[in-house]
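Written below as structure tokens is the structure these notes are about.
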Amino acid sequence: MNQPPKTNLNTVSVPDDLRHVFLTAQEYVKNYFSFVQSDPEKGLIKFSGERYILVRASSMSKEFFDMMALMYKDRGKEEARNLSFNFLFDIAHSIGKADAKSFFSKMAVTDPIEKLSAGPIHFAYTGWASVKIHPLSSPTPDENYYLIYDHPYSFEAQAWLEKEEKTDFPVCVMNAGYSSGWCEESFGISLVTAEIECRAKGDRHCRFIMAPPSKIKDHITKYSKKAYIKYEHYKKIDVPEFFKRKRLEDELRSHKDHLEELVQKRTDKLTKTNQQLEEANIALKVVLKQTEQKEKADKENFLVNIKHSVMPYLNELTQTNLNKEQQSLLDQLEKNIHHITSPLISKLSSKYLNLTPMEIKVATLVKDGVANKEIANTLNVSLNTITSHRYKIRTKLGLKNKDTNLRSYLLSLE
Ligand SMILES: [Zn+2]
């Protein structure tokens, strides 16, 4: 850098050991802003060939907060204020970083303090505020970085004060954003800024502390105790985070991904359980079917045994000469056997009855109350054939030589 000119340092206030560097920067920025070109016909303003835009200060401060409060009135003052804060901080921080880069390149400086020096002066020339860096500051490119500074004439505090509206929160969020953006770019480390006192809320100055994120809370606490700031005030001091919404979005997305993964796992587990249940159900049905078949087969075997091992002897006994008492006992025996077997016969196959397919057809029509002649017509056979079938059915059912009505008996089998 060139030798500093022998003029007063009047656009920024810095500790004595930094004056030399800042005087050089002041000279550079002063010359830079002396070459102005304003051409409303083309809608442009340029300083040293670099295009600038003018923005009315209050519209980026008090009036912006008011507009957001109106837009978000359904969500409450605090949310509206936080949104305004985040939005203005992000914009100002980005501008601070970009302006810093542009100046490093123009001034051809590489040292962090030299890089920093043009920031406050550019800040003053562009109308944001003047800057007063306190002697306790220690701007080093490491974890010990500490900058404590005031922004007298902050455009943001003034916007509130002119409306005579006192706030209960520090309002100079663009001032904080721009200065931390510029310094971050100068020192190549992550830096955050908190405005710990603000004229808009009745304090004597707009005072800021800038430090690495891991150190800022400690510095705020130390300073507040020394300055007798009440705990309930300094514990609420907000430390703006550059693109906080991006971090929140990332967190939200990560939560969403995690939730989707959980849902998928649960769904897979449920699907598997369902499959296992279905398989168990099928197995159970098979077992039930086998049990039913076994039960049916047992009943049929029992009936077949009765028919072949008991009934022939009973019939033979009927043909013998029995006295009255024996006949009575035999009748009772037949009744009891019928009583035991008839519930089992119902719904069983015709295996037990030994009916032919034709006999089953005839028996079904008899059971339905169809007269013999009609049965003969329906089955297209003679009346004699039907009579013959009925005789065989009665024999097979054990009704031969008995008064039992065939239809009634068939109905009782159902
Ligand atoms: Zn302020």
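Order determines the names: the first chain of the structure tokens is A, the second B, and so forth; residues in each chain are numbered 1 upward, and ligands are numbered 1 upward as they are shown.
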For this session: Check every protein, DNA and RNA residue against ligand 1, keep those with an atom at most 8 Å away (counting only C-alpha atoms and all ligand atoms), and present them as a list of chain:residue names.
Result: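 Written in the requested form, the residues are A:His151, A:Ser154, A:Glu156, A:Ala157, A:Pro170, A:Val171, A:Cys172, A:Val173, A:Glu195, A:Glu197, A:Cys198, A:Arg199, A:Ala200, A:Lys201, A:His205, A:Cys206, A:Arg207.
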For this session: Run DSSP on the backbone and give me the residues of range 12-140 of chain A it puts in strand (DSSP E or B), as a ChimeraX atom specification.
Result: /A:12-13,36-39,44-47,50-52,131-133,138
For this session: as a ChimeraX atom specification, please: all residues of range 22-158 of chain A that backbone DSSP puts in alpha helix (DSSP H).
Result: /A:22-34,62-71,77-107,112-125,155-158
Exercise. Which neighbours of range 54-65 of chain A fall inside 7 Å, counting only C-alpha atoms, when residues of the same chain fewer than 6 positions from it are skipped, and could you give them as a VMD selection string?
Worked result: chain A and resid 81 84 155 to 156 159 to 160
C-alpha atoms of the current selection, written as a short mmCIF file (atom, residue, chain, number, x, y, z; two decimals), in the first residue's frame:
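So out_15.cif came out as:
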data_model
loop_
_atom_site.label_atom_id
_atom_site.label_comp_id
_atom_site.auth_asym_id
_atom_site.auth_seq_id
_atom_site.Cartn_x
_atom_site.Cartn_y
_atom_site.Cartn_z
CA ARG A 81 -40.22 -9.43 13.50
CA SER A 84 -37.93 -9.21 8.96
CA PHE A 155 -29.83 4.68 9.30
CA GLU A 156 -31.94 2.00 10.97
CA ALA A 159 -35.73 5.54 10.95
CA TRP A 160 -37.38 4.52 14.23
#
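Using only C-alpha atoms, the protein and nucleic acid residues lying no more than 6 Å from range 404-410 of chain A, apart from those fewer than 2 places from it along its own chain, are A:Val366, A:Lys367, A:Lys402, A:Ser412, A:Leu413.
Candidate residues A:Val286, A:Val239, A:Val362, A:Ile393 were compared for distance to Val381 in chain A, and the nearest is A:Val362, using only C-alpha atoms.
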For this session: Excluding Ile237 in chain A and any residue of its chain fewer than 3 positions from it, enumerate the residues within 7 Å of it, using only C-alpha atoms, and give them as a PyMOL selection string.
Result: chain A and resi 196+233-234
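Note that CA of Ile337 in chain A and CA of Leu314 in chain A are 10.5 Å apart.
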Problem set entry | From A:Lys46, A:His219, A:Lys335, A:Lys265, residue lying nearest Ser137 in chain A [only C-alpha atoms] |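 Among the listed residues, the smallest separation from Ser137 in chain A belongs to A:His219.
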Problem set entry | Of the listed residues A:Met68, A:Ser214, A:Lys73, A:Val29, that which approaches Tyr125 in chain A most closely, counting only C-alpha atoms | A:Val29
For this session: Show which residues sit within 12 Å of Gln37 in chain A, as JSON, numbers by chain. Count only C-alpha atoms, and ignore same-chain residues fewer than 5 positions away.
Result: {"A": [32, 42, 43, 44, 45, 46, 47, 48, 49, 50, 51, 52]}
Let's have the selection written as a PDB file, in the first residue's frame, with N, CA and C atoms.
ATOM      1  N   TYR A  32     -12.360   7.239  -4.685  1.00  0.00           N
ATOM      2  CA  TYR A  32     -13.309   6.354  -5.377  1.00  0.00           C
ATOM      3  C   TYR A  32     -14.681   7.006  -5.510  1.00  0.00           C
ATOM      4  N   LYS A  42     -30.548   7.481 -18.368  1.00  0.00           N
ATOM      5  CA  LYS A  42     -30.269   6.040 -18.527  1.00  0.00           C
ATOM      6  C   LYS A  42     -30.605   5.278 -17.257  1.00  0.00           C
ATOM      7  N   GLY A  43     -30.981   6.010 -16.208  1.00  0.00           N
ATOM      8  CA  GLY A  43     -31.320   5.372 -14.935  1.00  0.00           C
ATOM      9  C   GLY A  43     -30.108   4.764 -14.274  1.00  0.00           C
ATOM     10  N   LEU A  44     -28.988   5.529 -14.253  1.00  0.00           N
ATOM     11  CA  LEU A  44     -27.806   4.947 -13.590  1.00  0.00           C
ATOM     12  C   LEU A  44     -27.018   5.957 -12.777  1.00  0.00           C
ATOM     13  N   ILE A  45     -26.390   5.410 -11.739  1.00  0.00           N
ATOM     14  CA  ILE A  45     -25.470   6.184 -10.904  1.00  0.00           C
ATOM     15  C   ILE A  45     -24.197   5.352 -10.819  1.00  0.00           C
ATOM     16  N   LYS A  46     -23.033   5.990 -11.059  1.00  0.00           N
ATOM     17  CA  LYS A  46     -21.780   5.239 -10.988  1.00  0.00           C
ATOM     18  C   LYS A  46     -20.764   6.007 -10.157  1.00  0.00           C
ATOM     19  N   PHE A  47     -19.956   5.264  -9.400  1.00  0.00           N
ATOM     20  CA  PHE A  47     -18.803   5.836  -8.703  1.00  0.00           C
ATOM     21  C   PHE A  47     -17.571   5.094  -9.207  1.00  0.00           C
ATOM     22  N   SER A  48     -16.645   5.869  -9.754  1.00  0.00           N
ATOM     23  CA  SER A  48     -15.433   5.279 -10.353  1.00  0.00           C
ATOM     24  C   SER A  48     -15.784   4.124 -11.291  1.00  0.00           C
ATOM     25  N   GLY A  49     -16.869   4.339 -12.042  1.00  0.00           N
ATOM     26  CA  GLY A  49     -17.259   3.349 -13.052  1.00  0.00           C
ATOM     27  C   GLY A  49     -18.083   2.187 -12.503  1.00  0.00           C
ATOM     28  N   GLU A  50     -18.236   2.115 -11.182  1.00  0.00           N
ATOM     29  CA  GLU A  50     -18.995   1.009 -10.582  1.00  0.00           C
ATOM     30  C   GLU A  50     -20.429   1.478 -10.341  1.00  0.00           C
ATOM     31  N   ARG A  51     -21.397   0.690 -10.804  1.00  0.00           N
ATOM     32  CA  ARG A  51     -22.787   1.120 -10.683  1.00  0.00           C
ATOM     33  C   ARG A  51     -23.335   0.913  -9.260  1.00  0.00           C
ATOM     34  N   TYR A  52     -24.067   1.909  -8.775  1.00  0.00           N
ATOM     35  CA  TYR A  52     -24.702   1.841  -7.452  1.00  0.00           C
ATOM     36  C   TYR A  52     -26.195   2.084  -7.606  1.00  0.00           C
TER      37      TYR A  52
END
